[in-house]
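What follows is a set of notes on a single structure, which appears directly below.
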Amino acid sequence: MHVRTYRQSDKEEWLRMRCALWPDESPEELASGFVTSVACEETAVFVAAAGNGRTIGFVEVSIHTEAPGCTTNRIGFLEGWYVDPAYRRQGMGRALNAAAEQWARERGCTEMASDTNESYPISPTAHIGLGYTRVNDFDFAKRLT
């Protein structure tokens, strides 16, 4: 398994996973949302591929100027983070997060942040496992080293 930068050829699988992560959103909305800004220097998408080349996870990251629990004005922010259920607990989420953090560091960020909601009950534990601090019920922050 490996993590790499999103390519246009990933769009179909990436959309499949976005629909799994955000089932209340329409595929049309999900297809036009974040991907339209992927070419921007302030956003990125990384995908995880299994040994057979199948795309099994993604992380979307952007730069925010503020986030709960953060003190700087240039913060890497996890916008979306997903690994197919059959591949969870194998280090893919950690590898995707590491790619997002490295991307943020390369853009001058010293902090990461993320949020979640009650629809994702395993998300808080996953964030804490990656070194994030819980700021409140749904917000997380982390110093980059």
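By convention here, the chains of the structure tokens are called A, B, ... in the order presented, each chain's residues are numbered starting at 1, and ligands are numbered starting at 1 in the order presented.
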
- All alpha helix (DSSP H) residues (DSSP, backbone) inside chain A, as a ChimeraX atom specification: /A:11-21,27-32,92-106,123-129

I'd like the neighbourhood of Ala20 (chain A) as a PDB file with C-alpha atoms, in the first residue's frame, where a residue qualifies if any of its atoms comes within 12 Å (using only C-alpha atoms), though same-chain residues fewer than 2 positions away should be ignored.
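Once everything was written out, this is selection.pdb:
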```pdb
ATOM      1  CA  GLU A  13     -12.816   6.122  -7.001  1.00  0.00           C
ATOM      2  CA  TRP A  14     -12.309   9.344  -5.070  1.00  0.00           C
ATOM      3  CA  LEU A  15     -15.954  10.252  -5.686  1.00  0.00           C
ATOM      4  CA  ARG A  16     -17.032   6.762  -4.580  1.00  0.00           C
ATOM      5  CA  MET A  17     -15.206   7.255  -1.283  1.00  0.00           C
ATOM      6  CA  ARG A  18     -16.496  10.808  -0.839  1.00  0.00           C
ATOM      7  CA  TRP A  22     -20.702  12.009   3.190  1.00  0.00           C
ATOM      8  CA  PRO A  23     -23.781   9.929   2.267  1.00  0.00           C
ATOM      9  CA  ASP A  24     -26.190  12.826   2.828  1.00  0.00           C
ATOM     10  CA  GLU A  25     -24.603  14.856   0.018  1.00  0.00           C
ATOM     11  CA  SER A  26     -25.448  14.306  -3.623  1.00  0.00           C
ATOM     12  CA  PRO A  27     -22.774  12.827  -5.887  1.00  0.00           C
ATOM     13  CA  LEU A  30     -19.419  16.011  -4.024  1.00  0.00           C
ATOM     14  CA  ILE A  56      -8.795   2.567  -0.873  1.00  0.00           C
ATOM     15  CA  GLY A  57      -8.562   5.893   0.941  1.00  0.00           C
ATOM     16  CA  PHE A  58      -8.075   9.621   0.658  1.00  0.00           C
ATOM     17  CA  GLY A  80     -11.961  14.947   4.695  1.00  0.00           C
ATOM     18  CA  TRP A  81     -10.332  11.668   5.641  1.00  0.00           C
ATOM     19  CA  TYR A  82     -11.544   8.222   4.636  1.00  0.00           C
ATOM     20  CA  VAL A  83     -10.294   4.637   4.374  1.00  0.00           C
ATOM     21  CA  ASP A  84     -12.466   1.820   3.031  1.00  0.00           C
ATOM     22  CA  PRO A  85     -13.689  -0.307   5.968  1.00  0.00           C
ATOM     23  CA  TYR A 120     -18.533   9.706  12.831  1.00  0.00           C
TER      24      TYR A 120
END
```

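For the choices A:Phe140, A:Trp103, A:Tyr87, A:Phe77, the atom-to-atom distance to Arg4 (chain A) is smallest for A:Trp103 when using only C-alpha atoms.
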
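All residues of protein, DNA or RNA that reach within 10 Å of Glu118 (chain A), judged by only C-alpha atoms and not counting those fewer than 3 positions away in the chain, are Pro121, Ile122, Ser123, Pro124, Asp137 and Phe138 of chain A.
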
- Could you name the residues that touch region 66-68 of chain A at 9 Å or less, counting only C-alpha atoms, but leaving out those on the same chain fewer than 6 positions away, as number ranges by chain? A: 74-75, 77, 112-114, 135-136, 139-141

The selected residues should be written to file as a PDB file, in the first residue's frame (atoms: N, CA and C atoms).
```
ATOM      1  N   ARG A  74      -1.854  30.212   9.901  1.00  0.00           N
ATOM      2  CA  ARG A  74      -1.616  29.346   8.738  1.00  0.00           C
ATOM      3  C   ARG A  74      -1.627  27.902   9.251  1.00  0.00           C
ATOM      4  N   ILE A  75      -2.782  27.263   9.089  1.00  0.00           N
ATOM      5  CA  ILE A  75      -3.042  25.974   9.735  1.00  0.00           C
ATOM      6  C   ILE A  75      -3.418  24.941   8.668  1.00  0.00           C
ATOM      7  N   PHE A  77      -5.464  21.930   7.559  1.00  0.00           N
ATOM      8  CA  PHE A  77      -6.772  21.489   8.039  1.00  0.00           C
ATOM      9  C   PHE A  77      -7.219  20.257   7.274  1.00  0.00           C
ATOM     10  N   MET A 112      -1.874  21.656  12.792  1.00  0.00           N
ATOM     11  CA  MET A 112      -2.924  20.987  12.024  1.00  0.00           C
ATOM     12  C   MET A 112      -4.203  21.064  12.847  1.00  0.00           C
ATOM     13  N   ALA A 113      -5.328  21.022  12.155  1.00  0.00           N
ATOM     14  CA  ALA A 113      -6.622  20.996  12.833  1.00  0.00           C
ATOM     15  C   ALA A 113      -7.576  20.137  12.023  1.00  0.00           C
ATOM     16  N   SER A 114      -8.651  19.745  12.677  1.00  0.00           N
ATOM     17  CA  SER A 114      -9.666  18.931  12.036  1.00  0.00           C
ATOM     18  C   SER A 114     -10.940  19.041  12.852  1.00  0.00           C
ATOM     19  N   VAL A 135     -10.104  19.666  21.355  1.00  0.00           N
ATOM     20  CA  VAL A 135     -10.329  21.051  21.764  1.00  0.00           C
ATOM     21  C   VAL A 135     -11.706  21.183  22.398  1.00  0.00           C
ATOM     22  N   ASN A 136     -12.678  20.521  21.812  1.00  0.00           N
ATOM     23  CA  ASN A 136     -14.045  20.452  22.331  1.00  0.00           C
ATOM     24  C   ASN A 136     -14.660  19.170  21.778  1.00  0.00           C
ATOM     25  N   ASP A 139     -13.830  19.358  17.698  1.00  0.00           N
ATOM     26  CA  ASP A 139     -12.651  19.987  17.094  1.00  0.00           C
ATOM     27  C   ASP A 139     -11.369  19.423  17.690  1.00  0.00           C
ATOM     28  N   PHE A 140     -10.351  19.299  16.828  1.00  0.00           N
ATOM     29  CA  PHE A 140      -9.064  18.725  17.211  1.00  0.00           C
ATOM     30  C   PHE A 140      -7.939  19.594  16.669  1.00  0.00           C
ATOM     31  N   ALA A 141      -6.842  19.644  17.388  1.00  0.00           N
ATOM     32  CA  ALA A 141      -5.674  20.431  16.972  1.00  0.00           C
ATOM     33  C   ALA A 141      -4.394  19.660  17.302  1.00  0.00           C
TER      34      ALA A 141
END
```

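Distance-wise, CA of Glu101 (chain A) and CA of Leu144 (chain A) end up 7.4 Å apart.
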
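For the set A:Arg107, A:His2, A:Arg7, A:Arg94, the residue with the smallest atom-to-atom gap to Gly129 (chain A) is A:Arg94, counting only C-alpha atoms.
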
- Query: Can you list, as a PyMOL selection string, every residue of region 17-139 of chain A that DSSP puts in strand (DSSP E or B)?
  - Reply: chain A and resi 43-49+55-64+75-83+111-115+133-134+139

Write a file of the just-selected residues containing N, CA and C atoms, as a CSV table (one decimal), in the first residue's frame.
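What follows is the written file again-v4.csv:
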```csv
chain,number,residue,atom,x,y,z
A,43,THR,N,-4.8,23.9,-1.4
A,43,THR,CA,-5.6,22.6,-1.2
A,43,THR,C,-4.8,21.4,-1.8
A,44,ALA,N,-5.0,20.3,-1.3
A,44,ALA,CA,-4.4,19.0,-1.9
A,44,ALA,C,-5.3,17.8,-1.5
A,45,VAL,N,-5.2,16.8,-2.3
A,45,VAL,CA,-5.8,15.5,-2.1
A,45,VAL,C,-4.7,14.5,-2.3
A,46,PHE,N,-4.7,13.6,-1.3
A,46,PHE,CA,-3.8,12.4,-1.4
A,46,PHE,C,-4.7,11.2,-1.4
A,47,VAL,N,-4.3,10.2,-2.1
A,47,VAL,CA,-5.0,8.9,-2.1
A,47,VAL,C,-4.1,7.8,-1.7
A,48,ALA,N,-4.7,6.7,-1.1
A,48,ALA,CA,-4.0,5.5,-0.7
A,48,ALA,C,-4.4,4.4,-1.7
A,49,ALA,N,-3.4,3.7,-2.2
A,49,ALA,CA,-3.7,2.6,-3.1
A,49,ALA,C,-3.2,1.3,-2.5
A,55,THR,N,-7.7,2.1,-5.4
A,55,THR,CA,-7.7,3.2,-4.5
A,55,THR,C,-8.6,2.9,-3.3
A,56,ILE,N,-8.1,3.0,-2.1
A,56,ILE,CA,-8.8,2.6,-0.9
A,56,ILE,C,-9.0,3.6,0.2
A,57,GLY,N,-8.4,4.8,0.0
A,57,GLY,CA,-8.6,5.9,0.9
A,57,GLY,C,-8.1,7.2,0.4
A,58,PHE,N,-8.5,8.3,1.1
A,58,PHE,CA,-8.1,9.6,0.7
A,58,PHE,C,-8.0,10.5,1.9
A,59,VAL,N,-7.3,11.6,1.7
A,59,VAL,CA,-7.3,12.7,2.6
A,59,VAL,C,-7.4,14.0,1.8
A,60,GLU,N,-8.2,14.9,2.3
A,60,GLU,CA,-8.2,16.3,1.6
A,60,GLU,C,-7.7,17.3,2.7
A,61,VAL,N,-6.8,18.1,2.3
A,61,VAL,CA,-6.2,19.1,3.2
A,61,VAL,C,-6.2,20.4,2.6
A,62,SER,N,-6.4,21.5,3.4
A,62,SER,CA,-6.3,22.8,3.0
A,62,SER,C,-5.6,23.7,4.0
A,63,ILE,N,-5.5,24.9,3.7
A,63,ILE,CA,-4.9,25.9,4.6
A,63,ILE,C,-6.0,26.8,5.2
A,64,HIS,N,-6.1,26.9,6.5
A,64,HIS,CA,-7.0,27.8,7.1
A,64,HIS,C,-6.3,28.9,7.9
A,75,ILE,N,-2.8,27.3,9.1
A,75,ILE,CA,-3.0,26.0,9.7
A,75,ILE,C,-3.4,24.9,8.7
A,76,GLY,N,-2.8,23.8,8.7
A,76,GLY,CA,-3.2,22.7,7.8
A,76,GLY,C,-4.5,22.1,8.4
A,77,PHE,N,-5.5,21.9,7.6
A,77,PHE,CA,-6.8,21.5,8.0
A,77,PHE,C,-7.2,20.3,7.3
A,78,LEU,N,-7.5,19.2,8.0
A,78,LEU,CA,-8.0,18.0,7.4
A,78,LEU,C,-9.5,18.2,7.1
A,79,GLU,N,-9.8,18.3,5.8
A,79,GLU,CA,-11.2,18.6,5.3
A,79,GLU,C,-12.0,17.3,5.2
A,80,GLY,N,-11.3,16.2,4.8
A,80,GLY,CA,-12.0,14.9,4.7
A,80,GLY,C,-10.9,13.9,4.8
A,81,TRP,N,-11.3,12.7,5.4
A,81,TRP,CA,-10.3,11.7,5.6
A,81,TRP,C,-11.1,10.4,5.7
A,82,TYR,N,-10.8,9.4,4.8
A,82,TYR,CA,-11.5,8.2,4.6
A,82,TYR,C,-10.6,7.1,4.2
A,83,VAL,N,-10.9,5.9,4.8
A,83,VAL,CA,-10.3,4.6,4.4
A,83,VAL,C,-11.4,3.6,4.3
A,111,GLU,N,0.9,24.0,12.7
A,111,GLU,CA,-0.3,23.4,13.3
A,111,GLU,C,-1.2,22.7,12.3
A,112,MET,N,-1.9,21.7,12.8
A,112,MET,CA,-2.9,21.0,12.0
A,112,MET,C,-4.2,21.1,12.8
A,113,ALA,N,-5.3,21.0,12.2
A,113,ALA,CA,-6.6,21.0,12.8
A,113,ALA,C,-7.6,20.1,12.0
A,114,SER,N,-8.7,19.7,12.7
A,114,SER,CA,-9.7,18.9,12.0
A,114,SER,C,-10.9,19.0,12.9
A,115,ASP,N,-12.0,18.7,12.2
A,115,ASP,CA,-13.3,18.6,13.0
A,115,ASP,C,-14.1,17.4,12.6
A,133,THR,N,-5.1,16.8,19.8
A,133,THR,CA,-5.7,17.1,21.1
A,133,THR,C,-7.2,17.5,20.9
A,134,ARG,N,-8.0,17.0,21.7
A,134,ARG,CA,-9.4,17.4,21.6
A,134,ARG,C,-9.6,18.8,22.2
A,139,ASP,N,-13.8,19.4,17.7
A,139,ASP,CA,-12.7,20.0,17.1
A,139,ASP,C,-11.4,19.4,17.7
```
